[in-house]
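> Quick one: structure below, then a few questions.
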Amino acid sequence: NAYVLMMILTSIYAILCVKFFGSLGGDHTVYFGDFFGAMFTLWQIMTGDDWSQIVRDMFGPSGMPVGVALFFVSYQLLITFTMVNVVVCVLVDEFCGGADGASEETSNDFAPVYDAVVRFKDNNTSRLKSLLADSLACHDIDAFNDMMHQIWHSLCRFAEVADPDKIETAITYEELVTGLRELPYCPPVMFKWTDWVELVERNQLCNSQGLLTRDGFNDMVRLAIKSF
C-alpha cells in the first residue's frame, strides 16, 4: 500500500510537470516533455542525483523561480523524506513481525513446561517456591534427577557429610534448613518446622533415626510439586 501511494503521488507530480514545464524547450523537453520522461526525471530527483541543477536550470525559462523551487522542494519533502521512509518502516515492520512469528512457533514446543512454571510462580506461596520453580524447568526426568543429585550434594556439603552418594547417608532437620538457605536462590529457601512436619513426617520420609535420606529428599520435592 505504501508503494502504491508513493506511485500515485509521483504520478500526480509527473502530470503537473508535463503541464507546467514540458513546453519550456531545450533539455526541459527531454526531462518533462511526456509523462514517462517526467516520471523518470522525478525518480532521479527522488534519489538526489543532480536534482538541484535540473531545478535551477528552469528558474530563468519558467519566469517563476520561487514557484519552481517550492514545487520541487515540496516533492522532495513529501516523497523523498516522507514516503520513502514510510516504505522502509513498513518493510522493517514486516520483517520484524515475521521473525517474532517464527520465534513464537518455535517456542510452542516448550509451551507446557513454560506455562507450568508461570502458573507456579504466580500462584504458589510455598517457602520452597524458588527451588520448586527451578525443578519445574527440567524438561525430562533425567534432568530432574541430575538437579536433585546436585542439590543433595550441596546440602551434604553444608552439613559436612563425608559421603553423600551412600544410600544410608541422611541429614537432620537443622542441617536441611541450613543447606536450603545456603542454596543460590533469590529469594532464599526458608524451610520451617511446619514444612518438615507436613512434607517429611506426615509422609513418613524419615529413616528409623528420624533423618532425611537422599531418596526421602527427592520424594519431598516431588510431593511439594504435586501439592501445588
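Chains: A, B, ... in order of the C-alpha cells. Residues: from 1 per chain. Ligands: from 1, in order shown.
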Do you know which residues are at most 8 Å from range 191-199 of chain A counting only C-alpha atoms, after dropping those on the same chain fewer than 3 positions away, and could you put them as a VMD selection string?
chain A and resid 127 to 128 173 176 to 177 180 to 181 202 to 203 220 223 to 224
> Save out the residues we just selected, N, CA and C atoms, as a short mmCIF file (atom, residue, chain, number, x, y, z; two decimals), in the first residue's frame.

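This went into again_35.cif:
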data_model
loop_
_atom_site.label_atom_id
_atom_site.label_comp_id
_atom_site.auth_asym_id
_atom_site.auth_seq_id
_atom_site.Cartn_x
_atom_site.Cartn_y
_atom_site.Cartn_z
N ARG A 127 7.31 -21.88 50.84
CA ARG A 127 8.66 -21.37 51.12
C ARG A 127 9.71 -22.10 50.27
N LEU A 128 9.33 -23.20 49.63
CA LEU A 128 10.22 -23.90 48.70
C LEU A 128 10.04 -23.39 47.27
N TYR A 173 16.93 -32.24 60.44
CA TYR A 173 16.10 -31.10 60.08
C TYR A 173 16.93 -29.82 60.07
N LEU A 176 19.12 -29.66 57.05
CA LEU A 176 18.32 -29.38 55.86
C LEU A 176 17.99 -27.90 55.77
N VAL A 177 17.59 -27.29 56.89
CA VAL A 177 17.26 -25.87 56.91
C VAL A 177 18.46 -25.03 56.51
N LEU A 180 19.38 -25.64 52.67
CA LEU A 180 18.45 -25.00 51.74
C LEU A 180 18.63 -23.48 51.73
N ARG A 181 18.89 -22.92 52.93
CA ARG A 181 19.08 -21.47 53.00
C ARG A 181 20.33 -21.03 52.27
N ARG A 202 4.75 -36.33 57.98
CA ARG A 202 3.40 -36.81 57.64
C ARG A 202 3.43 -37.86 56.54
N ASN A 203 4.41 -37.77 55.64
CA ASN A 203 4.53 -38.74 54.55
C ASN A 203 5.55 -39.84 54.85
N MET A 220 10.34 -35.73 48.86
CA MET A 220 9.81 -34.50 49.45
C MET A 220 9.59 -33.42 48.39
N LEU A 223 6.59 -34.35 46.21
CA LEU A 223 5.32 -34.09 46.90
C LEU A 223 5.00 -32.61 46.94
N ALA A 224 6.04 -31.80 47.14
CA ALA A 224 5.83 -30.35 47.17
C ALA A 224 5.35 -29.84 45.82
#
> Tell me, in Å to one decimal, how far CA of Ile54 in chain A is from CA of Thr41 in chain A.
9.1 Å
> Which one of A:Tyr75, A:Asn218, A:Val66, A:Met147 sits closest to Met6 in chain A if you count only C-alpha atoms?
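Closest to Met6 in chain A, using only C-alpha atoms: A:Tyr75.
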> Rounded to one decimal in Å, what is the spacing between CA of Ser74 in chain A and CA of Tyr13 in chain A?
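Result for CA of Ser74 in chain A versus CA of Tyr13 in chain A: 10.1 Å, one decimal.
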> List the neighbours of range 152-159 of chain A out to 7 Å using only C-alpha atoms; skip same-chain residues closer than 2 positions along the sequence, and give me the result as JSON, numbers by chain.
{"A": [148, 149, 150, 161, 164, 175, 176, 179, 180, 214]}
> Can you pull out every residue within 12 Å of range 28-31 of chain A, counting only C-alpha atoms, but drop anything in the same chain fewer than 4 positions away, and send it as a ChimeraX atom specification?
/A:14,17-24,35-45,51,53-62
> I need the residue nearest Glu182 in chain A from this list: A:Cys206, A:Leu131, A:Val200, A:Met46. Use only C-alpha atoms for the distance.
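Closest to Glu182 in chain A of all the choices is A:Leu131.
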> Among the residues of range 24-86 of chain A, find those DSSP assigns to helix (DSSP H, G or I) from the backbone and print them as a ChimeraX atom specification.
/A:27-32,35-47,51-56,59-62,65-86
> As a PyMOL selection string, please: all residues of range 10-215 of chain A that backbone DSSP puts in strand (DSSP E).
chain A and resi 170-171+212-213
> With C-alpha atoms retained, write the just-selected residues as a PDB file, in the first residue's frame.

ATOM      1  CA  ALA A 170      20.976 -38.762  55.903  1.00  0.00           C
ATOM      2  CA  ILE A 171      20.706 -35.253  57.333  1.00  0.00           C
ATOM      3  CA  LEU A 212      16.132 -37.445  55.821  1.00  0.00           C
ATOM      4  CA  THR A 213      17.888 -39.574  53.215  1.00  0.00           C
TER       5      THR A 213
END
> Point out the residue among A:Phe32, A:Glu168, A:Leu78, A:Gly67 with the least atom-to-atom distance to Ser208 in chain A, counting only C-alpha atoms.
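Comparing A:Phe32, A:Glu168, A:Leu78, A:Gly67 against Ser208 in chain A, the winner is A:Glu168.
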